[in-house]
Amino acid sequence: MNADHELPDTPEIIIPLTVYFFDTDAGGVVHNAAYLRMVEIARSDLAEKLGWPLTAMAAGECPVVARTEIDYLKPARLGDDLRAHSRLAGMEKIRFYIETVISNAADGAVFCRCRQTMVTVQLRTGRPRSLRKDWRAKWPRLVDE
């Protein structure tokens, strides 16, 4: 974990996304699994912003998805410019929660909402680890013991 990284005041990120052919079915509609890939991109970019780069994850402690809840609200289509708004929504002793909304960049129409329960795991042992202390100190309002 990158202790030298200054944490932002707000644990969130908004990133642009592009709908590619491989994201769609034969009718040009984004298929459900493609949204999960988009959520993964947003979550990885958020982790980087919050001082937890992919290289650090691969070296020892890594957040793993324990649960995914997703609501598909409207179909995105080939050619749509999307944005993903991802945020750290809550923390417990070993679990934390990431919420991501995928929407239309032009008009804000929401295509899907996703909430994921994450657990930090020591890769070598496969055992859960306590949540990052720097996150708990920076955003105490998100801590639910």
# chains A, B, ... in the order shown; residues from 1 in each chain; ligands from 1
call {"tool": "residues_around", "arguments": {"residues": "segment 41-49 of chain A", "least_positions_apart": "2", "cutoff": "12 Å", "atoms": "only C-alpha atoms", "output": "VMD selection string"}}
result
chain A and resid 1 to 2 5 to 18 34 to 39 51 to 57 62 to 65 82 to 89 97 to 102 114 to 118 132 135
call {"tool": "write_last_selection", "arguments": {"atoms": "N, CA and C atoms", "output": "compact mmCIF listing (two decimals), in the first residue's frame"}}
result
# COMPACT_ATOMS: atom_id res chain seq x y z
N MET A 1 0.85 -1.17 0.00
CA MET A 1 0.00 0.00 0.00
C MET A 1 0.89 1.23 0.00
N ASN A 2 0.45 2.21 -0.70
CA ASN A 2 1.27 3.39 -0.92
C ASN A 2 1.02 4.42 0.18
N HIS A 5 1.25 8.36 -0.62
CA HIS A 5 0.23 8.97 -1.46
C HIS A 5 -0.70 9.82 -0.60
N GLU A 6 -0.92 11.07 -0.99
CA GLU A 6 -1.85 11.92 -0.26
C GLU A 6 -3.27 11.56 -0.69
N LEU A 7 -4.09 11.21 0.28
CA LEU A 7 -5.46 10.80 -0.01
C LEU A 7 -6.32 12.02 -0.32
N PRO A 8 -7.25 11.88 -1.27
CA PRO A 8 -8.14 12.99 -1.60
C PRO A 8 -9.16 13.23 -0.48
N ASP A 9 -9.75 14.41 -0.48
CA ASP A 9 -10.77 14.73 0.53
C ASP A 9 -12.00 13.86 0.37
N THR A 10 -12.35 13.56 -0.86
CA THR A 10 -13.52 12.75 -1.16
C THR A 10 -13.08 11.47 -1.86
N PRO A 11 -13.45 10.30 -1.34
CA PRO A 11 -13.00 9.03 -1.93
C PRO A 11 -13.88 8.60 -3.10
N GLU A 12 -13.76 9.34 -4.21
CA GLU A 12 -14.57 9.02 -5.38
C GLU A 12 -13.83 9.41 -6.64
N ILE A 13 -14.32 8.90 -7.76
CA ILE A 13 -13.72 9.19 -9.05
C ILE A 13 -14.82 9.14 -10.11
N ILE A 14 -14.68 9.96 -11.14
CA ILE A 14 -15.56 9.90 -12.31
C ILE A 14 -14.65 9.74 -13.52
N ILE A 15 -14.90 8.68 -14.31
CA ILE A 15 -14.06 8.41 -15.47
C ILE A 15 -14.93 8.23 -16.71
N PRO A 16 -14.40 8.58 -17.88
CA PRO A 16 -15.12 8.33 -19.13
C PRO A 16 -14.96 6.86 -19.54
N LEU A 17 -15.97 6.33 -20.19
CA LEU A 17 -15.94 4.96 -20.72
C LEU A 17 -16.46 4.98 -22.15
N THR A 18 -15.96 4.08 -22.94
CA THR A 18 -16.39 3.95 -24.33
C THR A 18 -17.06 2.59 -24.50
N ALA A 34 -20.66 -6.85 -19.65
CA ALA A 34 -19.82 -5.70 -20.01
C ALA A 34 -19.87 -4.63 -18.93
N TYR A 35 -21.01 -4.48 -18.28
CA TYR A 35 -21.10 -3.50 -17.19
C TYR A 35 -20.15 -3.86 -16.05
N LEU A 36 -20.02 -5.15 -15.77
CA LEU A 36 -19.11 -5.58 -14.70
C LEU A 36 -17.66 -5.24 -15.05
N ARG A 37 -17.29 -5.36 -16.32
CA ARG A 37 -15.95 -4.96 -16.74
C ARG A 37 -15.76 -3.47 -16.52
N MET A 38 -16.78 -2.67 -16.84
CA MET A 38 -16.71 -1.22 -16.64
C MET A 38 -16.59 -0.88 -15.16
N VAL A 39 -17.33 -1.59 -14.32
CA VAL A 39 -17.25 -1.40 -12.87
C VAL A 39 -15.84 -1.72 -12.39
N GLY A 51 -4.56 5.62 -3.32
CA GLY A 51 -3.26 5.19 -2.85
C GLY A 51 -3.00 3.70 -2.84
N TRP A 52 -3.76 2.95 -3.63
CA TRP A 52 -3.62 1.50 -3.66
C TRP A 52 -3.48 1.04 -5.10
N PRO A 53 -2.30 1.24 -5.70
CA PRO A 53 -2.11 0.89 -7.12
C PRO A 53 -2.13 -0.62 -7.35
N LEU A 54 -2.41 -1.00 -8.59
CA LEU A 54 -2.48 -2.41 -8.96
C LEU A 54 -1.19 -3.14 -8.64
N THR A 55 -0.04 -2.49 -8.83
CA THR A 55 1.25 -3.14 -8.56
C THR A 55 1.38 -3.49 -7.08
N ALA A 56 0.87 -2.63 -6.20
CA ALA A 56 0.91 -2.92 -4.77
C ALA A 56 -0.04 -4.07 -4.43
N MET A 57 -1.18 -4.11 -5.08
CA MET A 57 -2.12 -5.21 -4.84
C MET A 57 -1.49 -6.54 -5.22
N CYS A 62 -4.60 -7.61 -1.45
CA CYS A 62 -5.44 -7.29 -2.60
C CYS A 62 -6.91 -7.28 -2.20
N PRO A 63 -7.67 -6.29 -2.67
CA PRO A 63 -9.12 -6.32 -2.42
C PRO A 63 -9.77 -7.33 -3.36
N VAL A 64 -10.61 -8.17 -2.80
CA VAL A 64 -11.34 -9.14 -3.61
C VAL A 64 -12.84 -8.90 -3.45
N VAL A 65 -13.56 -9.20 -4.50
CA VAL A 65 -15.01 -9.01 -4.49
C VAL A 65 -15.66 -10.16 -3.73
N LEU A 82 -20.11 7.03 -22.15
CA LEU A 82 -20.53 6.75 -20.79
C LEU A 82 -19.57 7.38 -19.80
N ARG A 83 -20.02 7.43 -18.57
CA ARG A 83 -19.12 7.79 -17.48
C ARG A 83 -19.44 6.87 -16.31
N ALA A 84 -18.41 6.60 -15.53
CA ALA A 84 -18.57 5.79 -14.33
C ALA A 84 -18.21 6.66 -13.14
N HIS A 85 -19.13 6.74 -12.20
CA HIS A 85 -18.90 7.45 -10.94
C HIS A 85 -18.77 6.38 -9.87
N SER A 86 -17.57 6.24 -9.33
CA SER A 86 -17.30 5.19 -8.35
C SER A 86 -16.84 5.84 -7.06
N ARG A 87 -17.32 5.30 -5.92
CA ARG A 87 -16.96 5.90 -4.65
C ARG A 87 -16.87 4.85 -3.56
N LEU A 88 -16.01 5.14 -2.59
CA LEU A 88 -15.94 4.35 -1.38
C LEU A 88 -17.15 4.74 -0.54
N ALA A 89 -18.04 3.78 -0.29
CA ALA A 89 -19.32 4.10 0.34
C ALA A 89 -19.39 3.74 1.82
N TYR A 97 -17.07 -1.09 1.04
CA TYR A 97 -18.12 -1.07 0.03
C TYR A 97 -17.81 -0.01 -1.03
N ILE A 98 -17.94 -0.42 -2.27
CA ILE A 98 -17.74 0.48 -3.40
C ILE A 98 -19.06 0.55 -4.17
N GLU A 99 -19.50 1.77 -4.44
CA GLU A 99 -20.70 1.97 -5.26
C GLU A 99 -20.30 2.64 -6.56
N THR A 100 -20.84 2.13 -7.66
CA THR A 100 -20.53 2.66 -8.98
C THR A 100 -21.83 2.85 -9.75
N VAL A 101 -21.92 4.00 -10.41
CA VAL A 101 -23.06 4.30 -11.28
C VAL A 101 -22.50 4.52 -12.68
N ILE A 102 -23.04 3.78 -13.65
CA ILE A 102 -22.68 3.96 -15.06
C ILE A 102 -23.81 4.75 -15.71
N CYS A 114 -24.29 -0.23 -9.19
CA CYS A 114 -23.64 -1.42 -8.65
C CYS A 114 -23.09 -1.13 -7.26
N ARG A 115 -23.26 -2.07 -6.37
CA ARG A 115 -22.65 -2.00 -5.02
C ARG A 115 -21.88 -3.29 -4.81
N GLN A 116 -20.61 -3.14 -4.46
CA GLN A 116 -19.78 -4.31 -4.23
C GLN A 116 -19.23 -4.32 -2.81
N THR A 117 -19.26 -5.49 -2.22
CA THR A 117 -18.63 -5.72 -0.93
C THR A 117 -17.25 -6.28 -1.23
N MET A 118 -16.23 -5.62 -0.66
CA MET A 118 -14.85 -6.00 -0.90
C MET A 118 -14.21 -6.45 0.42
N ARG A 132 -7.42 -0.91 5.53
CA ARG A 132 -6.33 0.08 5.55
C ARG A 132 -6.56 1.12 6.64
N TRP A 135 -7.17 4.81 5.29
CA TRP A 135 -8.54 5.09 4.86
C TRP A 135 -9.43 5.37 6.06
call {"tool": "atom_distance", "arguments": {"atom1": "atom CA of Asp107 of chain A", "atom2": "atom CA of Ala76 of chain A"}}
result
12.4 Å
call {"tool": "select_by_dssp", "arguments": {"residues": "chain A", "states": "helix (DSSP H, G or I)", "output": "VMD selection string"}}
result
chain A and resid 21 to 23 32 to 49 54 to 59 133 to 138 140 to 142
call {"tool": "write_last_selection", "arguments": {"atoms": "N, CA and C atoms", "output": "compact mmCIF listing (two decimals), in the first residue's frame"}}
result
# COMPACT_ATOMS: atom_id res chain seq x y z
N PHE A 21 -17.46 -2.64 -29.68
CA PHE A 21 -18.24 -3.72 -30.27
C PHE A 21 -18.31 -4.92 -29.34
N PHE A 22 -17.20 -5.27 -28.70
CA PHE A 22 -17.19 -6.46 -27.85
C PHE A 22 -18.05 -6.30 -26.60
N ASP A 23 -18.52 -5.08 -26.31
CA ASP A 23 -19.41 -4.84 -25.18
C ASP A 23 -20.87 -5.13 -25.51
N ASN A 32 -24.99 -7.52 -20.20
CA ASN A 32 -24.84 -7.35 -18.75
C ASN A 32 -23.42 -7.57 -18.25
N ALA A 33 -22.68 -8.50 -18.78
CA ALA A 33 -21.32 -8.75 -18.29
C ALA A 33 -20.38 -7.59 -18.61
N ALA A 34 -20.66 -6.85 -19.65
CA ALA A 34 -19.82 -5.70 -20.01
C ALA A 34 -19.87 -4.63 -18.93
N TYR A 35 -21.01 -4.48 -18.28
CA TYR A 35 -21.10 -3.50 -17.19
C TYR A 35 -20.15 -3.86 -16.05
N LEU A 36 -20.02 -5.15 -15.77
CA LEU A 36 -19.11 -5.58 -14.70
C LEU A 36 -17.66 -5.24 -15.05
N ARG A 37 -17.29 -5.36 -16.32
CA ARG A 37 -15.95 -4.96 -16.74
C ARG A 37 -15.76 -3.47 -16.52
N MET A 38 -16.78 -2.67 -16.84
CA MET A 38 -16.71 -1.22 -16.64
C MET A 38 -16.59 -0.88 -15.16
N VAL A 39 -17.33 -1.59 -14.32
CA VAL A 39 -17.25 -1.40 -12.87
C VAL A 39 -15.84 -1.72 -12.39
N GLU A 40 -15.26 -2.78 -12.92
CA GLU A 40 -13.89 -3.18 -12.54
C GLU A 40 -12.88 -2.09 -12.92
N ILE A 41 -13.03 -1.51 -14.08
CA ILE A 41 -12.14 -0.42 -14.51
C ILE A 41 -12.27 0.76 -13.55
N ALA A 42 -13.49 1.15 -13.25
CA ALA A 42 -13.72 2.29 -12.35
C ALA A 42 -13.18 2.00 -10.95
N ARG A 43 -13.40 0.78 -10.47
CA ARG A 43 -12.94 0.41 -9.13
C ARG A 43 -11.41 0.40 -9.08
N SER A 44 -10.76 -0.08 -10.11
CA SER A 44 -9.29 -0.10 -10.15
C SER A 44 -8.74 1.32 -10.21
N ASP A 45 -9.36 2.19 -11.00
CA ASP A 45 -8.92 3.59 -11.06
C ASP A 45 -9.15 4.29 -9.72
N LEU A 46 -10.26 3.97 -9.05
CA LEU A 46 -10.53 4.53 -7.73
C LEU A 46 -9.45 4.09 -6.74
N ALA A 47 -9.11 2.81 -6.74
CA ALA A 47 -8.08 2.31 -5.83
C ALA A 47 -6.77 3.05 -6.04
N GLU A 48 -6.42 3.27 -7.28
CA GLU A 48 -5.19 4.01 -7.60
C GLU A 48 -5.24 5.41 -7.01
N LYS A 49 -6.38 6.08 -7.17
CA LYS A 49 -6.54 7.44 -6.63
C LYS A 49 -6.46 7.43 -5.10
N LEU A 54 -2.41 -1.00 -8.59
CA LEU A 54 -2.48 -2.41 -8.96
C LEU A 54 -1.19 -3.14 -8.64
N THR A 55 -0.04 -2.49 -8.83
CA THR A 55 1.25 -3.14 -8.56
C THR A 55 1.38 -3.49 -7.08
N ALA A 56 0.87 -2.63 -6.20
CA ALA A 56 0.91 -2.92 -4.77
C ALA A 56 -0.04 -4.07 -4.43
N MET A 57 -1.18 -4.11 -5.08
CA MET A 57 -2.12 -5.21 -4.84
C MET A 57 -1.49 -6.54 -5.22
N ALA A 58 -0.83 -6.56 -6.36
CA ALA A 58 -0.22 -7.80 -6.85
C ALA A 58 0.93 -8.26 -5.96
N ALA A 59 1.50 -7.35 -5.20
CA ALA A 59 2.65 -7.67 -4.36
C ALA A 59 2.28 -8.21 -2.98
N LYS A 133 -5.56 1.36 7.45
CA LYS A 133 -5.64 2.34 8.53
C LYS A 133 -5.72 3.77 7.99
N ASP A 134 -5.02 4.04 6.88
CA ASP A 134 -5.05 5.40 6.33
C ASP A 134 -6.44 5.77 5.84
N TRP A 135 -7.17 4.81 5.29
CA TRP A 135 -8.54 5.09 4.86
C TRP A 135 -9.43 5.37 6.06
N ARG A 136 -9.31 4.54 7.09
CA ARG A 136 -10.14 4.71 8.28
C ARG A 136 -9.87 6.07 8.93
N ALA A 137 -8.62 6.50 8.93
CA ALA A 137 -8.25 7.79 9.54
C ALA A 137 -8.73 8.95 8.67
N LYS A 138 -8.67 8.83 7.36
CA LYS A 138 -9.02 9.94 6.47
C LYS A 138 -10.53 10.13 6.37
N PRO A 140 -13.35 8.90 8.53
CA PRO A 140 -13.98 8.22 9.67
C PRO A 140 -15.50 8.18 9.57
N ARG A 141 -16.09 9.12 8.85
CA ARG A 141 -17.56 9.13 8.70
C ARG A 141 -18.07 7.90 7.95
N LEU A 142 -17.18 7.23 7.23
CA LEU A 142 -17.57 6.04 6.47
C LEU A 142 -17.40 4.75 7.26
call {"tool": "closest_residue", "arguments": {"among": "A:Arg95, A:Asp144, A:Gly28, A:Phe111", "to": "Leu78 of chain A", "atoms": "only C-alpha atoms"}}
result
A:Gly28
call {"tool": "closest_residue", "arguments": {"among": "A:Leu123, A:Asn104, A:Val110, A:Ala26", "to": "Asp71 of chain A", "atoms": "only C-alpha atoms"}}
result
A:Val110
call {"tool": "residues_around", "arguments": {"residues": "Arg77 of chain A", "least_positions_apart": "4", "cutoff": "8 Å", "atoms": "only C-alpha atoms", "output": "PyMOL selection string"}}
result
chain A and resi 19+24+28-30
call {"tool": "write_last_selection", "arguments": {"atoms": "N, CA and C atoms", "output": "PDB file, in the first residue's frame"}}
result
ATOM      1  N   VAL A  19     -18.148   2.548 -25.237  1.00  0.00           N
ATOM      2  CA  VAL A  19     -18.789   1.283 -25.577  1.00  0.00           C
ATOM      3  C   VAL A  19     -18.133   0.762 -26.858  1.00  0.00           C
ATOM      4  N   THR A  24     -21.159  -5.308 -26.789  1.00  0.00           N
ATOM      5  CA  THR A  24     -22.558  -5.355 -27.228  1.00  0.00           C
ATOM      6  C   THR A  24     -22.959  -6.706 -27.797  1.00  0.00           C
ATOM      7  N   GLY A  28     -26.467  -4.333 -30.902  1.00  0.00           N
ATOM      8  CA  GLY A  28     -25.759  -3.120 -30.504  1.00  0.00           C
ATOM      9  C   GLY A  28     -26.057  -2.664 -29.088  1.00  0.00           C
ATOM     10  N   VAL A  29     -26.672  -3.518 -28.275  1.00  0.00           N
ATOM     11  CA  VAL A  29     -26.998  -3.195 -26.885  1.00  0.00           C
ATOM     12  C   VAL A  29     -25.907  -3.774 -25.988  1.00  0.00           C
ATOM     13  N   VAL A  30     -25.460  -2.993 -25.009  1.00  0.00           N
ATOM     14  CA  VAL A  30     -24.429  -3.456 -24.078  1.00  0.00           C
ATOM     15  C   VAL A  30     -24.979  -4.630 -23.270  1.00  0.00           C
TER      16      VAL A  30
END
call {"tool": "select_by_dssp", "arguments": {"residues": "chain A", "states": "strand (DSSP E)", "output": "number ranges by chain"}}
result
A: 12-18, 61-72, 81-91, 95-104, 110-122, 127-128
call {"tool": "atom_distance", "arguments": {"atom1": "atom CA of Gly90 of chain A", "atom2": "atom CA of Val143 of chain A"}}
result
6.0 Å
call {"tool": "closest_residue", "arguments": {"among": "A:Ile94, A:Thr120, A:Pro128, A:Gly79", "to": "Ala106 of chain A", "atoms": "only C-alpha atoms"}}
result
A:Gly79
